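Trainee: Following this line is input.tsv, made up of TSV, N, CA and C atoms:
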```
chain	number	residue	atom	x	y	z
O	14	THR	N	60.96	203.23	7.85
O	14	THR	CA	59.52	203.08	7.96
O	14	THR	C	59.01	203.36	9.36
O	15	GLY	N	59.95	203.54	10.31
O	15	GLY	CA	59.53	203.82	11.67
O	15	GLY	C	60.59	204.59	12.43
O	16	TYR	N	60.13	205.40	13.39
O	16	TYR	CA	61.04	206.17	14.22
O	16	TYR	C	60.40	206.35	15.59
O	17	GLN	N	61.13	205.99	16.64
O	17	GLN	CA	60.65	206.17	18.01
O	17	GLN	C	61.78	206.79	18.82
O	18	VAL	N	61.40	207.54	19.86
O	18	VAL	CA	62.37	208.10	20.79
O	18	VAL	C	61.93	207.71	22.19
O	19	PHE	N	62.88	207.18	22.97
O	19	PHE	CA	62.62	206.80	24.35
O	19	PHE	C	63.50	207.65	25.26
O	20	LEU	N	62.90	208.23	26.30
O	20	LEU	CA	63.62	209.09	27.23
O	20	LEU	C	63.49	208.55	28.64
O	21	THR	N	64.60	208.59	29.37
O	21	THR	CA	64.60	208.37	30.81
O	21	THR	C	65.43	209.47	31.42
O	22	ALA	N	65.15	209.80	32.68
O	22	ALA	CA	65.88	210.90	33.30
O	22	ALA	C	66.01	210.69	34.80
O	23	GLU	N	67.03	211.33	35.35
O	23	GLU	CA	67.24	211.38	36.79
O	23	GLU	C	67.18	212.84	37.21
O	24	GLN	N	66.65	213.07	38.43
O	24	GLN	CA	66.54	214.43	38.95
O	24	GLN	C	67.20	214.51	40.32
O	25	LYS	N	67.60	215.71	40.69
O	25	LYS	CA	68.09	215.95	42.05
O	25	LYS	C	66.94	215.70	43.02
O	26	GLU	N	67.26	215.20	44.19
O	26	GLU	CA	66.22	214.93	45.19
O	26	GLU	C	65.75	216.20	45.88
O	27	GLU	N	66.66	217.15	46.09
O	27	GLU	CA	66.29	218.37	46.80
O	27	GLU	C	66.02	219.50	45.80
O	28	PRO	N	65.18	220.45	46.18
O	28	PRO	CA	64.89	221.57	45.29
O	28	PRO	C	66.14	222.38	44.99
O	29	PRO	N	66.28	222.94	43.84
O	29	PRO	CA	65.41	222.71	42.69
O	29	PRO	C	65.68	221.32	42.10
O	30	THR	N	64.63	220.60	41.82
O	30	THR	CA	64.74	219.21	41.35
O	30	THR	C	65.00	219.16	39.85
O	31	VAL	N	66.12	219.73	39.47
O	31	VAL	CA	66.50	219.78	38.05
O	31	VAL	C	66.93	218.40	37.57
O	32	PHE	N	66.86	218.19	36.28
O	32	PHE	CA	67.36	216.96	35.69
O	32	PHE	C	68.88	216.94	35.80
O	33	THR	N	69.44	215.77	36.14
O	33	THR	CA	70.89	215.63	36.24
O	33	THR	C	71.44	214.72	35.15
O	34	VAL	N	70.64	213.75	34.71
O	34	VAL	CA	71.02	212.85	33.62
O	34	VAL	C	69.78	212.61	32.77
O	35	VAL	N	69.92	212.75	31.47
O	35	VAL	CA	68.84	212.44	30.53
O	35	VAL	C	69.39	211.48	29.49
O	36	LYS	N	68.71	210.35	29.34
O	36	LYS	CA	69.11	209.35	28.35
O	36	LYS	C	68.09	209.36	27.22
O	37	VAL	N	68.59	209.53	25.99
O	37	VAL	CA	67.75	209.61	24.80
O	37	VAL	C	68.14	208.45	23.88
O	38	LYS	N	67.16	207.58	23.60
O	38	LYS	CA	67.41	206.44	22.70
O	38	LYS	C	66.51	206.58	21.48
O	39	HIS	N	67.13	206.64	20.31
O	39	HIS	CA	66.42	206.73	19.03
O	39	HIS	C	66.37	205.32	18.44
O	40	VAL	N	65.19	204.91	17.98
O	40	VAL	CA	65.04	203.60	17.34
O	40	VAL	C	64.45	203.83	15.95
O	41	LEU	N	65.22	203.45	14.92
O	41	LEU	CA	64.80	203.62	13.54
O	41	LEU	C	64.58	202.24	12.92
O	42	THR	N	63.50	202.11	12.19
O	42	THR	CA	63.19	200.85	11.51
O	42	THR	C	63.07	201.12	10.02
O	43	GLY	N	63.70	200.24	9.23
O	43	GLY	CA	63.62	200.39	7.78
O	43	GLY	C	64.71	199.59	7.10
O	44	HIS	N	64.95	199.92	5.86
O	44	HIS	CA	66.00	199.23	5.10
O	44	HIS	C	66.97	200.27	4.54
O	45	ASN	N	68.22	199.88	4.43
O	45	ASN	CA	69.28	200.75	3.90
O	45	ASN	C	69.43	202.05	4.68
O	46	ILE	N	69.34	201.97	6.02
O	46	ILE	CA	69.55	203.15	6.85
O	46	ILE	C	71.04	203.22	7.20
O	47	ALA	N	71.67	204.32	6.86
O	47	ALA	CA	73.10	204.49	7.10
O	47	ALA	C	73.33	204.99	8.53
O	48	ALA	N	74.07	204.21	9.32
O	48	ALA	CA	74.35	204.58	10.71
O	48	ALA	C	75.04	205.94	10.79
O	49	GLU	N	75.95	206.23	9.89
O	49	GLU	CA	76.67	207.51	9.90
O	49	GLU	C	75.71	208.68	9.69
O	50	ALA	N	74.73	208.52	8.81
O	50	ALA	CA	73.75	209.58	8.57
O	50	ALA	C	72.88	209.80	9.81
O	51	VAL	N	72.50	208.71	10.47
O	51	VAL	CA	71.70	208.83	11.70
O	51	VAL	C	72.51	209.57	12.77
O	52	GLU	N	73.76	209.18	12.94
O	52	GLU	CA	74.60	209.82	13.94
O	52	GLU	C	74.78	211.31	13.63
O	53	ASP	N	74.98	211.66	12.38
O	53	ASP	CA	75.11	213.07	11.99
O	53	ASP	C	73.83	213.85	12.29
O	54	ALA	N	72.67	213.27	11.98
O	54	ALA	CA	71.39	213.94	12.22
O	54	ALA	C	71.16	214.16	13.71
O	55	ILE	N	71.46	213.16	14.52
O	55	ILE	CA	71.29	213.29	15.97
O	55	ILE	C	72.24	214.36	16.51
O	56	HIS	N	73.47	214.35	16.04
O	56	HIS	CA	74.44	215.35	16.49
O	56	HIS	C	73.95	216.77	16.16
O	57	LEU	N	73.46	216.99	14.95
O	57	LEU	CA	72.93	218.30	14.58
O	57	LEU	C	71.75	218.69	15.47
O	58	SER	N	70.88	217.75	15.71
O	58	SER	CA	69.73	218.02	16.56
O	58	SER	C	70.18	218.44	17.95
O	59	GLU	N	71.12	217.70	18.54
O	59	GLU	CA	71.58	218.00	19.89
O	59	GLU	C	72.39	219.28	19.97
O	60	SER	N	73.21	219.55	18.98
O	60	SER	CA	74.14	220.66	19.09
O	60	SER	C	73.65	221.96	18.46
O	61	LYS	N	72.64	221.90	17.57
O	61	LYS	CA	72.27	223.10	16.84
O	61	LYS	C	70.77	223.42	16.89
O	62	TYR	N	69.92	222.42	16.73
O	62	TYR	CA	68.51	222.71	16.48
O	62	TYR	C	67.57	222.51	17.66
O	63	CYS	N	67.95	221.79	18.69
O	63	CYS	CA	67.01	221.47	19.77
O	63	CYS	C	67.15	222.44	20.93
O	64	SER	N	66.22	223.39	21.04
O	64	SER	CA	66.29	224.38	22.11
O	64	SER	C	66.01	223.75	23.47
O	65	VAL	N	65.15	222.74	23.53
O	65	VAL	CA	64.87	222.06	24.79
O	65	VAL	C	66.14	221.37	25.30
O	66	GLY	N	66.82	220.67	24.41
O	66	GLY	CA	68.07	220.02	24.79
O	66	GLY	C	69.11	221.01	25.27
O	67	ALA	N	69.18	222.17	24.62
O	67	ALA	CA	70.13	223.20	25.03
O	67	ALA	C	69.84	223.69	26.45
O	68	MET	N	68.55	223.83	26.78
O	68	MET	CA	68.19	224.25	28.14
O	68	MET	C	68.49	223.16	29.16
O	69	ILE	N	68.14	221.93	28.84
O	69	ILE	CA	68.38	220.83	29.77
O	69	ILE	C	69.86	220.58	29.97
O	70	ALA	N	70.67	220.79	28.94
O	70	ALA	CA	72.12	220.58	29.04
O	70	ALA	C	72.77	221.56	30.02
O	71	LYS	N	72.05	222.58	30.46
O	71	LYS	CA	72.59	223.51	31.46
O	71	LYS	C	72.76	222.82	32.80
O	72	THR	N	71.97	221.78	33.08
O	72	THR	CA	72.03	221.11	34.38
O	72	THR	C	72.25	219.61	34.28
O	73	ALA	N	72.10	219.04	33.10
O	73	ALA	CA	72.11	217.58	32.98
O	73	ALA	C	73.12	217.08	31.96
O	74	LEU	N	73.60	215.89	32.21
O	74	LEU	CA	74.40	215.15	31.24
O	74	LEU	C	73.41	214.48	30.30
O	75	ILE	N	73.53	214.70	29.01
O	75	ILE	CA	72.64	214.07	28.04
O	75	ILE	C	73.40	212.93	27.38
O	76	VAL	N	72.84	211.73	27.51
O	76	VAL	CA	73.46	210.53	26.98
O	76	VAL	C	72.57	209.98	25.87
O	77	GLY	N	73.12	209.85	24.68
O	77	GLY	CA	72.35	209.41	23.53
O	77	GLY	C	72.77	208.06	23.01
O	78	SER	N	71.84	207.40	22.35
O	78	SER	CA	72.12	206.15	21.67
O	78	SER	C	71.10	205.98	20.56
O	79	PHE	N	71.40	205.07	19.63
O	79	PHE	CA	70.39	204.73	18.63
O	79	PHE	C	70.53	203.28	18.20
O	80	GLU	N	69.41	202.76	17.73
O	80	GLU	CA	69.34	201.43	17.15
O	80	GLU	C	68.74	201.54	15.77
O	81	ILE	N	69.26	200.74	14.88
O	81	ILE	CA	68.65	200.59	13.56
O	81	ILE	C	68.13	199.16	13.50
O	82	ARG	N	66.85	199.03	13.13
O	82	ARG	CA	66.21	197.71	13.05
O	82	ARG	C	65.74	197.48	11.63
O	83	ASN	N	65.77	196.21	11.23
O	83	ASN	CA	65.23	195.87	9.91
O	83	ASN	C	63.70	195.75	10.00
O	84	GLU	N	63.06	195.47	8.90
O	84	GLU	CA	61.60	195.41	8.84
O	84	GLU	C	61.02	194.33	9.76
O	85	GLN	N	61.82	193.33	10.11
O	85	GLN	CA	61.38	192.27	11.00
O	85	GLN	C	61.59	192.63	12.47
O	86	GLY	N	62.16	193.82	12.74
O	86	GLY	CA	62.38	194.28	14.10
O	86	GLY	C	63.69	193.84	14.71
O	87	GLU	N	64.54	193.19	13.91
O	87	GLU	CA	65.84	192.75	14.40
O	87	GLU	C	66.83	193.92	14.41
O	88	VAL	N	67.60	194.03	15.48
O	88	VAL	CA	68.59	195.10	15.59
O	88	VAL	C	69.76	194.79	14.65
O	89	VAL	N	70.03	195.71	13.73
O	89	VAL	CA	71.16	195.54	12.81
O	89	VAL	C	72.33	196.46	13.17
O	90	ALA	N	72.08	197.46	14.01
O	90	ALA	CA	73.15	198.35	14.51
O	90	ALA	C	72.68	198.96	15.82
O	91	ALA	N	73.59	199.05	16.77
O	91	ALA	CA	73.33	199.70	18.05
O	91	ALA	C	74.54	200.56	18.37
O	92	VAL	N	74.31	201.85	18.57
O	92	VAL	CA	75.42	202.80	18.75
O	92	VAL	C	75.18	203.65	19.99
O	93	GLU	N	76.20	203.73	20.85
O	93	GLU	CA	76.20	204.66	21.98
O	93	GLU	C	76.89	205.93	21.50
O	94	LEU	N	76.27	207.06	21.73
O	94	LEU	CA	76.83	208.33	21.27
O	94	LEU	C	77.61	209.02	22.38
O	95	ALA	N	78.48	209.93	22.02
O	95	ALA	CA	79.22	210.71	23.00
O	95	ALA	C	78.23	211.55	23.81
O	96	SER	N	78.47	211.66	25.09
O	96	SER	CA	77.58	212.42	25.97
O	96	SER	C	77.76	213.91	25.73
O	97	VAL	N	76.66	214.65	25.92
O	97	VAL	CA	76.72	216.10	25.86
O	97	VAL	C	76.98	216.56	27.27
O	98	PRO	N	78.14	217.20	27.54
O	98	PRO	CA	78.49	217.54	28.93
O	98	PRO	C	77.62	218.62	29.53
O	99	THR	N	77.50	218.56	30.85
O	99	THR	CA	76.79	219.59	31.60
O	99	THR	C	77.55	220.90	31.45
O	100	SER	N	76.87	221.95	31.06
O	100	SER	CA	77.55	223.23	30.86
O	100	SER	C	77.39	224.16	32.05
O	101	HIS	N	76.45	223.86	32.95
O	101	HIS	CA	76.18	224.75	34.06
O	101	HIS	C	77.03	224.44	35.28
O	102	GLY	N	77.43	223.19	35.43
O	102	GLY	CA	78.30	222.83	36.53
O	102	GLY	C	77.57	222.38	37.78
O	103	LEU	N	76.24	222.23	37.76
O	103	LEU	CA	75.50	221.72	38.92
O	103	LEU	C	75.81	220.24	39.09
O	104	LYS	N	75.89	219.82	40.31
O	104	LYS	CA	76.14	218.42	40.61
O	104	LYS	C	74.84	217.73	40.96
O	105	GLY	N	74.70	216.47	40.48
O	105	GLY	CA	73.48	215.71	40.72
O	105	GLY	C	73.44	215.03	42.04
```
Rewrite the structure of this file - the entire thing - as structure tokens.
Mentor:
Amino acid sequence: TGYQVFLTAEQKEEPPTVFTVVKVKHVLTGHNIAAEAVEDAIHLSESKYCSVGAMIAKTALIVGSFEIRNEQGEVVAAVELASVPTSHGLKG
């Protein structure tokens, strides 16, 4: 019944001030939400469908997580996902 995404990021201090770490937290609210299905959907988004993520992954480590909450807002599952490694090799 609900879906939110929260992003935080770190950037290099000196130019070019590219992102070095991006944290993406997905929060899903509802009933009978399968954690495995959520993890699969996020993985597909990060690895196949998100062109913005593909560009950012050239300079940044992308760290994902998700929470599943019931209708009362209580956390019923919290999962840290494997990080998407920096492919460009820039250091933060």
Trainee: May I ask which of the residues O:Thr14, O:Ala50, O:Val35, O:Asn45 is the closest one to Thr72 in chain O, counting only C-alpha atoms?
Mentor: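 When distances to Thr72 in chain O are compared using only C-alpha atoms, the smallest one comes from O:Val35.
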Trainee: State, in Å with one decimal place, the distance from CA of Glu27 in chain O to CA of Cys63 in chain O.
Mentor: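 So the two atoms, CA of Glu27 in chain O and CA of Cys63 in chain O, lie 27.2 Å apart.
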Trainee: Between atom C of Val18 in chain O and atom C of Lys36 in chain O, what distance in Å does the model show, to one decimal?
Mentor: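 Atom C of Lys36 in chain O lies at a distance of 8.1 Å from atom C of Val18 in chain O.
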Trainee: One number please: atom C of Glu80 in chain O to atom N of Met68 in chain O, in Å, one decimal.
Mentor: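 Atom N of Met68 in chain O lies at a distance of 24.9 Å from atom C of Glu80 in chain O.
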Trainee: Counting only N, CA and C atoms, which residue out of O:Gly77, O:Gly66, O:Pro28, O:Gly86 sits closest to Thr42 in chain O?
Mentor: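 The shortest atom-to-atom distance to Thr42 in chain O comes from O:Gly86.
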Trainee: Counting all atoms listed in the file, figure out which residue out of O:Leu94, O:Leu74, O:Gly15, O:Thr30 gets nearest to His44 in chain O.
Mentor: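 Smallest separation from His44 in chain O among the options: O:Gly15.
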Trainee: Write out as a PyMOL selection string all residues of chain O that DSSP puts in helix (DSSP H, G or I) for this structure's backbone.
Mentor: chain O and resi 48-62+64-69
Trainee: My list of candidates is O:Glu52, O:Ile69, O:Phe19, O:Ala91. Which is closest to Lys38 in chain O when distances are computed with all atoms listed in the file?
Mentor: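 Closest residue, counting all atoms listed in the file: O:Phe19.
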Trainee: Could you check which of O:Gln17, O:Ala54, O:Ile75, O:Ala48 is closest to Thr33 in chain O, using all atoms listed in the file?
Mentor: O:Ile75
Trainee: Can you list, as a PyMOL selection string, all residues belonging to chain O that DSSP tags as strand (DSSP E or B)?
Mentor: chain O and resi 15-24+32-42+74-82+88-93+97
Trainee: With N, CA and C atoms retained, could you export that selection as an mmCIF file, keeping the file's coordinate frame?
Mentor:
```cif
data_model
loop_
_atom_site.group_PDB
_atom_site.id
_atom_site.type_symbol
_atom_site.label_atom_id
_atom_site.label_comp_id
_atom_site.auth_asym_id
_atom_site.auth_seq_id
_atom_site.Cartn_x
_atom_site.Cartn_y
_atom_site.Cartn_z
ATOM 1 N N GLY O 15 59.950 203.540 10.310
ATOM 2 C CA GLY O 15 59.530 203.820 11.670
ATOM 3 C C GLY O 15 60.590 204.590 12.430
ATOM 4 N N TYR O 16 60.130 205.400 13.390
ATOM 5 C CA TYR O 16 61.040 206.170 14.220
ATOM 6 C C TYR O 16 60.400 206.350 15.590
ATOM 7 N N GLN O 17 61.130 205.990 16.640
ATOM 8 C CA GLN O 17 60.650 206.170 18.010
ATOM 9 C C GLN O 17 61.780 206.790 18.820
ATOM 10 N N VAL O 18 61.400 207.540 19.860
ATOM 11 C CA VAL O 18 62.370 208.100 20.790
ATOM 12 C C VAL O 18 61.930 207.710 22.190
ATOM 13 N N PHE O 19 62.880 207.180 22.970
ATOM 14 C CA PHE O 19 62.620 206.800 24.350
ATOM 15 C C PHE O 19 63.500 207.650 25.260
ATOM 16 N N LEU O 20 62.900 208.230 26.300
ATOM 17 C CA LEU O 20 63.620 209.090 27.230
ATOM 18 C C LEU O 20 63.490 208.550 28.640
ATOM 19 N N THR O 21 64.600 208.590 29.370
ATOM 20 C CA THR O 21 64.600 208.370 30.810
ATOM 21 C C THR O 21 65.430 209.470 31.420
ATOM 22 N N ALA O 22 65.150 209.800 32.680
ATOM 23 C CA ALA O 22 65.880 210.900 33.300
ATOM 24 C C ALA O 22 66.010 210.690 34.800
ATOM 25 N N GLU O 23 67.030 211.330 35.350
ATOM 26 C CA GLU O 23 67.240 211.380 36.790
ATOM 27 C C GLU O 23 67.180 212.840 37.210
ATOM 28 N N GLN O 24 66.650 213.070 38.430
ATOM 29 C CA GLN O 24 66.540 214.430 38.950
ATOM 30 C C GLN O 24 67.200 214.510 40.320
ATOM 31 N N PHE O 32 66.860 218.190 36.280
ATOM 32 C CA PHE O 32 67.360 216.960 35.690
ATOM 33 C C PHE O 32 68.880 216.940 35.800
ATOM 34 N N THR O 33 69.440 215.770 36.140
ATOM 35 C CA THR O 33 70.890 215.630 36.240
ATOM 36 C C THR O 33 71.440 214.720 35.150
ATOM 37 N N VAL O 34 70.640 213.750 34.710
ATOM 38 C CA VAL O 34 71.020 212.850 33.620
ATOM 39 C C VAL O 34 69.780 212.610 32.770
ATOM 40 N N VAL O 35 69.920 212.750 31.470
ATOM 41 C CA VAL O 35 68.840 212.440 30.530
ATOM 42 C C VAL O 35 69.390 211.480 29.490
ATOM 43 N N LYS O 36 68.710 210.350 29.340
ATOM 44 C CA LYS O 36 69.110 209.350 28.350
ATOM 45 C C LYS O 36 68.090 209.360 27.220
ATOM 46 N N VAL O 37 68.590 209.530 25.990
ATOM 47 C CA VAL O 37 67.750 209.610 24.800
ATOM 48 C C VAL O 37 68.140 208.450 23.880
ATOM 49 N N LYS O 38 67.160 207.580 23.600
ATOM 50 C CA LYS O 38 67.410 206.440 22.700
ATOM 51 C C LYS O 38 66.510 206.580 21.480
ATOM 52 N N HIS O 39 67.130 206.640 20.310
ATOM 53 C CA HIS O 39 66.420 206.730 19.030
ATOM 54 C C HIS O 39 66.370 205.320 18.440
ATOM 55 N N VAL O 40 65.190 204.910 17.980
ATOM 56 C CA VAL O 40 65.040 203.600 17.340
ATOM 57 C C VAL O 40 64.450 203.830 15.950
ATOM 58 N N LEU O 41 65.220 203.450 14.920
ATOM 59 C CA LEU O 41 64.800 203.620 13.540
ATOM 60 C C LEU O 41 64.580 202.240 12.920
ATOM 61 N N THR O 42 63.500 202.110 12.190
ATOM 62 C CA THR O 42 63.190 200.850 11.510
ATOM 63 C C THR O 42 63.070 201.120 10.020
ATOM 64 N N LEU O 74 73.600 215.890 32.210
ATOM 65 C CA LEU O 74 74.400 215.150 31.240
ATOM 66 C C LEU O 74 73.410 214.480 30.300
ATOM 67 N N ILE O 75 73.530 214.700 29.010
ATOM 68 C CA ILE O 75 72.640 214.070 28.040
ATOM 69 C C ILE O 75 73.400 212.930 27.380
ATOM 70 N N VAL O 76 72.840 211.730 27.510
ATOM 71 C CA VAL O 76 73.460 210.530 26.980
ATOM 72 C C VAL O 76 72.570 209.980 25.870
ATOM 73 N N GLY O 77 73.120 209.850 24.680
ATOM 74 C CA GLY O 77 72.350 209.410 23.530
ATOM 75 C C GLY O 77 72.770 208.060 23.010
ATOM 76 N N SER O 78 71.840 207.400 22.350
ATOM 77 C CA SER O 78 72.120 206.150 21.670
ATOM 78 C C SER O 78 71.100 205.980 20.560
ATOM 79 N N PHE O 79 71.400 205.070 19.630
ATOM 80 C CA PHE O 79 70.390 204.730 18.630
ATOM 81 C C PHE O 79 70.530 203.280 18.200
ATOM 82 N N GLU O 80 69.410 202.760 17.730
ATOM 83 C CA GLU O 80 69.340 201.430 17.150
ATOM 84 C C GLU O 80 68.740 201.540 15.770
ATOM 85 N N ILE O 81 69.260 200.740 14.880
ATOM 86 C CA ILE O 81 68.650 200.590 13.560
ATOM 87 C C ILE O 81 68.130 199.160 13.500
ATOM 88 N N ARG O 82 66.850 199.030 13.130
ATOM 89 C CA ARG O 82 66.210 197.710 13.050
ATOM 90 C C ARG O 82 65.740 197.480 11.630
ATOM 91 N N VAL O 88 67.600 194.030 15.480
ATOM 92 C CA VAL O 88 68.590 195.100 15.590
ATOM 93 C C VAL O 88 69.760 194.790 14.650
ATOM 94 N N VAL O 89 70.030 195.710 13.730
ATOM 95 C CA VAL O 89 71.160 195.540 12.810
ATOM 96 C C VAL O 89 72.330 196.460 13.170
ATOM 97 N N ALA O 90 72.080 197.460 14.010
ATOM 98 C CA ALA O 90 73.150 198.350 14.510
ATOM 99 C C ALA O 90 72.680 198.960 15.820
ATOM 100 N N ALA O 91 73.590 199.050 16.770
ATOM 101 C CA ALA O 91 73.330 199.700 18.050
ATOM 102 C C ALA O 91 74.540 200.560 18.370
ATOM 103 N N VAL O 92 74.310 201.850 18.570
ATOM 104 C CA VAL O 92 75.420 202.800 18.750
ATOM 105 C C VAL O 92 75.180 203.650 19.990
ATOM 106 N N GLU O 93 76.200 203.730 20.850
ATOM 107 C CA GLU O 93 76.200 204.660 21.980
ATOM 108 C C GLU O 93 76.890 205.930 21.500
ATOM 109 N N VAL O 97 76.660 214.650 25.920
ATOM 110 C CA VAL O 97 76.720 216.100 25.860
ATOM 111 C C VAL O 97 76.980 216.560 27.270
#
```
Trainee: Give the answer as one residue: which of O:Val37, O:Ser60, O:Val65, O:Phe79 has the shortest atom-to-atom distance to Val92 in chain O, using all atoms listed in the file?
Mentor: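 Checking each of O:Val37, O:Ser60, O:Val65, O:Phe79 against Val92 in chain O, counting all atoms listed in the file, the winner is O:Phe79.
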Trainee: With 8 Å added on each side, what axis-aligned box encloses every listed atom of range 57-65 of chain O? Give the centre and edge lengths in Å to one decimal, as AutoDock Vina command-line options.
Mentor:
```
--center_x 69.5 --center_y 220.7 --center_z 19.9 --size_x 25.3 --size_y 23.4 --size_z 26.7
```
